[in-house]
Amino acid sequence: MSDFSKNRVLALYKILIKNTDEQHQISMQDILTYMESEGHYCSEDSILRYIKQLKNELGVDIISSRGRNARYFIGNRLLEKEEFKLIIDSINASNFIEKSIATKMIDKLKSTMSTYEAEEMDRSVLGVNIAKAENKKILYNVNIIQEALTKGVQISFDYMAWNKNKKLVKKSEHRYNMNPWALIWANDRYYLYGYDVKKTGDAFNERNYRVDKLDNIQLSDTPREGKTQYRSFNANTYVSRRMGMFSGKEQIMTVRIPQFLIGAFIDQFGKRITISEDSKDRLLVTFSVVPSIMLFGWLAGLKSAEVVAPQKVREDMFNLLQENMNLYKKKN
């Protein structure tokens, strides 16, 4: 096939992708008109030959009716309209994708749809996330972390935090170093999971960092460590036991709750929790978790959840509630 013919086939493919779907079929005359507007003057026989090449050589699903009034359209695409909507909704809802980046990604997705379906997406998809990340380096961060994971090397980076002027600044003057092992999407954010570069006793301490708050990531020549420890890592279990993805030592906690709250604990921690009877209308729920401030806030929000054990965690919960009561008792 000559380059000239290839250009014509490509032009036809773009016309069909952009201008047709099952609800918007076009005639042979429409195709010839579109082709002429692109500077390609073809006969009907040539168009039929190009359609056959797209179907047989590239697997493009071009559907047509029969007869002199045949109409043509693209059938199955790489993604169905419902799949596009699901992906676009996810991009809009994601906290870690900065708004301008999200817009560009969605525009790229819509370019693979027909004009009509893209317009329908504009009308039906609403972006409702008011906490979008503002770090425009997110894609670069993901890319360089993936490179480190592929090469199996340690990394260093600056970790950022918000200041009173609503600016991201270095949280500390020292550089963070770690053995990177995975990227985890949890709680609508991207996290980098791995271990400290030095062991504590016989094991490495686990660490996770928000990818949108990393800056100046640099790859090291030092091979990463922690392979044996990572073999037993389970992302689902890890996330469920860390409210807000706080790092820390897991503990076995027991909480006394009314029966109607059991669903909230299963939703959060899965079915691996242990449930036992406590009284006529109360249950004891036992589970493994990092006792973070986020967890205490979640328990307080349930109103009827009481920390039973361990005693130290119960005291921490009591002290937090007491501090908040004292705060509200103060006169303005």
# chains A, B, ... in the order shown; residues from 1 in each chain; ligands from 1
$ select_by_dssp --residues "segment 164-299 of chain A" --states "alpha helix (DSSP H)" --output "list in words"
Lys227, Thr228, Gln229, Tyr230, Ala235, Asn236, Thr237, Tyr238, Val239, Ser240, Ile262, Gly263, Ala264, Phe265, Ile266, Asp267, Gln268, Phe269, Ile293, Met294, Leu295, Phe296, Gly297, Trp298 and Leu299 of chain A
$ select_by_dssp --residues "segment 113-297 of chain A" --states "strand (DSSP E)" --output "MDAnalysis selection string"
chainID A and resid 153:162 168:170 176:186 189:200 203:210 214:223 251:258 274:279 282:289
$ residues_around --residues "Gln25 of chain A" --least-positions-apart "5" --cutoff "12 Å" --atoms "only C-alpha atoms" --output "PyMOL selection string"
chain A and resi 15-20+30-31+62-65+69-75+114+116
$ residues_around --residues "Tyr190 of chain A" --least-positions-apart "3" --cutoff "6 Å" --atoms "only C-alpha atoms" --output "ChimeraX atom specification"
/A:184-185,210-211
$ write_last_selection --atoms "N, CA and C atoms" --output "PDB file, in the first residue's frame"
ATOM      1  N   ILE A 184       0.010   2.662  45.881  1.00  0.00           N
ATOM      2  CA  ILE A 184      -1.318   2.227  46.321  1.00  0.00           C
ATOM      3  C   ILE A 184      -2.306   3.377  46.144  1.00  0.00           C
ATOM      4  N   TRP A 185      -3.423   3.098  45.518  1.00  0.00           N
ATOM      5  CA  TRP A 185      -4.504   4.078  45.421  1.00  0.00           C
ATOM      6  C   TRP A 185      -5.517   3.739  46.502  1.00  0.00           C
ATOM      7  N   ARG A 210       2.004  10.330  50.717  1.00  0.00           N
ATOM      8  CA  ARG A 210       1.145  10.778  49.630  1.00  0.00           C
ATOM      9  C   ARG A 210       1.991  11.217  48.443  1.00  0.00           C
ATOM     10  N   VAL A 211       1.698  10.667  47.280  1.00  0.00           N
ATOM     11  CA  VAL A 211       2.496  10.954  46.087  1.00  0.00           C
ATOM     12  C   VAL A 211       2.378  12.417  45.672  1.00  0.00           C
TER      13      VAL A 211
END
$ residues_around --residues "segment 313-323 of chain A" --least-positions-apart "6" --cutoff "10 Å" --atoms "only C-alpha atoms" --output "number ranges by chain"
A: 251, 253-255, 291-293, 295-297, 299-300, 306-307, 329
$ residues_around --residues "Ala203 of chain A" --least-positions-apart "4" --cutoff "12 Å" --atoms "only C-alpha atoms" --output "list in words"
Tyr195, Asp196, Val197, Lys198, Lys199, Glu225, Gly226, Lys227, Thr228, Gln229 and Tyr230 of chain A
$ write_last_selection --atoms "N, CA, C and O atoms" --output "compact mmCIF listing (two decimals), in the first residue's frame"
# COMPACT_ATOMS: atom_id res chain seq x y z
N TYR A 195 9.70 0.87 52.86
CA TYR A 195 10.31 0.69 54.17
C TYR A 195 11.43 1.70 54.38
O TYR A 195 12.03 2.21 53.44
N ASP A 196 11.72 1.94 55.69
CA ASP A 196 12.90 2.73 56.04
C ASP A 196 14.14 2.07 55.44
O ASP A 196 14.14 0.86 55.16
N VAL A 197 15.20 2.85 55.30
CA VAL A 197 16.43 2.28 54.73
C VAL A 197 17.22 1.49 55.76
O VAL A 197 18.13 0.72 55.41
N LYS A 198 16.90 1.67 57.05
CA LYS A 198 17.58 0.92 58.09
C LYS A 198 16.57 0.10 58.89
O LYS A 198 15.44 0.53 59.11
N LYS A 199 16.97 -1.08 59.32
CA LYS A 199 16.08 -1.95 60.08
C LYS A 199 15.96 -1.47 61.53
O LYS A 199 16.86 -0.86 62.09
N GLU A 225 15.94 -2.69 49.67
CA GLU A 225 15.89 -3.84 50.55
C GLU A 225 14.46 -4.08 51.00
O GLU A 225 13.59 -3.23 50.82
N GLY A 226 14.22 -5.24 51.62
CA GLY A 226 12.90 -5.55 52.16
C GLY A 226 12.11 -6.55 51.35
O GLY A 226 10.91 -6.71 51.55
N LYS A 227 12.78 -7.25 50.43
CA LYS A 227 12.07 -8.18 49.55
C LYS A 227 11.34 -9.27 50.32
O LYS A 227 10.17 -9.57 50.06
N THR A 228 12.01 -9.86 51.30
CA THR A 228 11.40 -10.93 52.09
C THR A 228 10.19 -10.42 52.85
O THR A 228 9.13 -11.07 52.90
N GLN A 229 10.31 -9.24 53.42
CA GLN A 229 9.21 -8.64 54.19
C GLN A 229 8.04 -8.31 53.28
O GLN A 229 6.88 -8.49 53.66
N TYR A 230 8.33 -7.84 52.07
CA TYR A 230 7.27 -7.43 51.15
C TYR A 230 6.46 -8.62 50.64
O TYR A 230 5.30 -8.47 50.26
$ closest_residue --among "A:Gly301, A:Gly67, A:Gly152, A:Gly39" --to "Asp221 of chain A" --atoms "only C-alpha atoms"
A:Gly152
$ closest_residue --among "A:Leu219, A:Leu283, A:Leu168, A:Val290" --to "Thr237 of chain A" --atoms "only C-alpha atoms"
A:Val290
$ closest_residue --among "A:Leu214, A:Cys42, A:Val289, A:Ala182" --to "Phe233 of chain A" --atoms "only C-alpha atoms"
A:Ala182
$ atom_distance --atom1 "atom CA of Arg77 of chain A" --atom2 "atom CA of Asp122 of chain A"
19.1 Å
$ closest_residue --among "A:Ser94, A:Gln311, A:Thr286, A:Thr33" --to "Phe265 of chain A" --atoms "only C-alpha atoms"
A:Thr286
$ residues_around --residues "segment 149-151 of chain A" --least-positions-apart "5" --cutoff "12 Å" --atoms "only C-alpha atoms" --output "PyMOL selection string"
chain A and resi 142-144+178-183+192-194+219-225+227
$ write_last_selection --atoms "all heavy atoms" --output "compact mmCIF listing (two decimals), in the first residue's frame"
# COMPACT_ATOMS: atom_id res chain seq x y z
N VAL A 142 4.68 9.94 39.66
CA VAL A 142 4.30 8.55 39.41
C VAL A 142 5.28 7.90 38.46
O VAL A 142 5.70 6.75 38.67
CB VAL A 142 2.86 8.48 38.85
CG1 VAL A 142 2.55 7.06 38.36
CG2 VAL A 142 1.85 8.91 39.90
N ASN A 143 5.69 8.62 37.43
CA ASN A 143 6.60 8.08 36.43
C ASN A 143 7.96 7.73 37.03
O ASN A 143 8.51 6.65 36.79
CB ASN A 143 6.77 9.09 35.29
CG ASN A 143 7.65 8.55 34.17
OD1 ASN A 143 7.33 7.54 33.55
ND2 ASN A 143 8.77 9.20 33.92
N ILE A 144 8.52 8.64 37.84
CA ILE A 144 9.85 8.39 38.39
C ILE A 144 9.81 7.32 39.48
O ILE A 144 10.75 6.54 39.64
CB ILE A 144 10.47 9.71 38.93
CG1 ILE A 144 11.98 9.51 39.14
CG2 ILE A 144 9.79 10.17 40.20
CD1 ILE A 144 12.72 10.81 39.41
N MET A 178 13.97 6.05 51.44
CA MET A 178 13.19 4.82 51.66
C MET A 178 13.47 3.77 50.60
O MET A 178 14.02 4.06 49.53
CB MET A 178 11.69 5.14 51.70
CG MET A 178 11.07 5.43 50.34
SD MET A 178 9.27 5.72 50.42
CE MET A 178 8.67 4.20 51.16
N ASN A 179 13.03 2.57 50.92
CA ASN A 179 13.01 1.45 49.97
C ASN A 179 11.60 1.39 49.38
O ASN A 179 10.66 0.97 50.06
CB ASN A 179 13.31 0.13 50.69
CG ASN A 179 14.72 0.06 51.24
OD1 ASN A 179 15.69 0.08 50.50
ND2 ASN A 179 14.85 -0.02 52.56
N PRO A 180 11.40 1.83 48.15
CA PRO A 180 10.04 1.85 47.57
C PRO A 180 9.62 0.47 47.07
O PRO A 180 10.41 -0.23 46.44
CB PRO A 180 10.20 2.83 46.40
CG PRO A 180 11.61 2.64 45.96
CD PRO A 180 12.41 2.34 47.20
N TRP A 181 8.35 0.10 47.34
CA TRP A 181 7.90 -1.22 46.90
C TRP A 181 6.57 -1.21 46.16
O TRP A 181 6.28 -2.13 45.40
CB TRP A 181 7.83 -2.18 48.10
CG TRP A 181 9.17 -2.75 48.42
CD1 TRP A 181 10.07 -2.31 49.35
CD2 TRP A 181 9.81 -3.84 47.74
NE1 TRP A 181 11.22 -3.04 49.31
CE2 TRP A 181 11.09 -4.02 48.33
CE3 TRP A 181 9.44 -4.70 46.72
CZ2 TRP A 181 11.98 -4.99 47.92
CZ3 TRP A 181 10.33 -5.68 46.30
CH2 TRP A 181 11.58 -5.83 46.90
N ALA A 182 5.75 -0.19 46.34
CA ALA A 182 4.45 -0.22 45.65
C ALA A 182 3.81 1.15 45.64
O ALA A 182 4.08 2.00 46.50
CB ALA A 182 3.52 -1.22 46.33
N LEU A 183 2.97 1.36 44.65
CA LEU A 183 2.07 2.51 44.61
C LEU A 183 0.67 2.01 44.94
O LEU A 183 0.21 1.02 44.36
CB LEU A 183 2.08 3.17 43.23
CG LEU A 183 3.28 4.05 42.91
CD1 LEU A 183 3.32 4.37 41.42
CD2 LEU A 183 3.23 5.35 43.72
N LEU A 192 2.74 6.16 48.17
CA LEU A 192 3.94 5.37 47.94
C LEU A 192 4.18 4.53 49.19
O LEU A 192 4.26 5.06 50.30
CB LEU A 192 5.14 6.30 47.70
CG LEU A 192 6.52 5.63 47.70
CD1 LEU A 192 6.64 4.60 46.59
CD2 LEU A 192 7.62 6.70 47.57
N TYR A 193 4.28 3.22 49.01
CA TYR A 193 4.49 2.31 50.13
C TYR A 193 5.90 1.72 50.07
O TYR A 193 6.40 1.41 48.98
CB TYR A 193 3.47 1.16 50.09
CG TYR A 193 3.77 0.05 51.08
CD1 TYR A 193 3.36 0.15 52.40
CD2 TYR A 193 4.49 -1.08 50.70
CE1 TYR A 193 3.66 -0.85 53.32
CE2 TYR A 193 4.79 -2.08 51.60
CZ TYR A 193 4.37 -1.97 52.91
OH TYR A 193 4.67 -2.95 53.82
N GLY A 194 6.51 1.61 51.23
CA GLY A 194 7.83 1.00 51.28
C GLY A 194 8.35 0.92 52.70
O GLY A 194 7.57 0.94 53.67
N LEU A 219 16.51 9.06 42.28
CA LEU A 219 16.83 7.64 42.36
C LEU A 219 18.25 7.45 42.87
O LEU A 219 19.14 8.23 42.53
CB LEU A 219 16.69 6.97 40.99
CG LEU A 219 15.29 6.48 40.59
CD1 LEU A 219 14.30 7.64 40.53
CD2 LEU A 219 15.35 5.75 39.25
N SER A 220 18.45 6.42 43.68
CA SER A 220 19.77 6.10 44.20
C SER A 220 20.37 4.95 43.41
O SER A 220 19.66 4.25 42.67
CB SER A 220 19.66 5.72 45.68
OG SER A 220 20.84 5.13 46.14
N ASP A 221 21.66 4.74 43.55
CA ASP A 221 22.31 3.57 42.95
C ASP A 221 22.24 2.37 43.89
O ASP A 221 22.63 1.26 43.51
CB ASP A 221 23.78 3.88 42.65
CG ASP A 221 23.94 4.93 41.55
OD1 ASP A 221 23.06 4.98 40.67
OD2 ASP A 221 24.91 5.69 41.60
N THR A 222 21.72 2.59 45.10
CA THR A 222 21.65 1.53 46.11
C THR A 222 20.43 0.64 45.87
O THR A 222 19.30 1.16 45.81
CB THR A 222 21.57 2.12 47.52
OG1 THR A 222 22.67 3.01 47.73
CG2 THR A 222 21.60 1.01 48.57
N PRO A 223 20.62 -0.66 45.72
CA PRO A 223 19.48 -1.56 45.54
C PRO A 223 18.55 -1.49 46.76
O PRO A 223 19.01 -1.37 47.89
CB PRO A 223 20.12 -2.95 45.42
CG PRO A 223 21.53 -2.68 45.00
CD PRO A 223 21.91 -1.39 45.66
N ARG A 224 17.26 -1.52 46.51
CA ARG A 224 16.30 -1.48 47.62
C ARG A 224 16.35 -2.77 48.42
O ARG A 224 16.72 -3.84 47.90
CB ARG A 224 14.88 -1.26 47.08
CG ARG A 224 14.34 -2.41 46.26
CD ARG A 224 12.96 -2.13 45.72
NE ARG A 224 12.50 -3.22 44.86
CZ ARG A 224 11.37 -3.20 44.16
NH1 ARG A 224 10.59 -2.15 44.21
NH2 ARG A 224 11.03 -4.24 43.41
N GLU A 225 15.94 -2.69 49.67
CA GLU A 225 15.89 -3.84 50.55
C GLU A 225 14.46 -4.08 51.00
O GLU A 225 13.59 -3.23 50.82
CB GLU A 225 16.80 -3.63 51.76
CG GLU A 225 18.27 -3.47 51.40
CD GLU A 225 19.13 -3.32 52.64
OE1 GLU A 225 19.52 -4.36 53.23
OE2 GLU A 225 19.41 -2.17 53.02
N LYS A 227 12.78 -7.25 50.43
CA LYS A 227 12.07 -8.18 49.55
C LYS A 227 11.34 -9.27 50.32
O LYS A 227 10.17 -9.57 50.06
CB LYS A 227 13.05 -8.82 48.55
CG LYS A 227 12.39 -9.75 47.54
CD LYS A 227 13.41 -10.26 46.53
CE LYS A 227 12.74 -11.16 45.49
NZ LYS A 227 13.71 -11.65 44.48
$ closest_residue --among "A:Lys303, A:Lys164, A:Arg256, A:Lys171" --to "Asp215 of chain A" --atoms "only C-alpha atoms"
A:Lys171
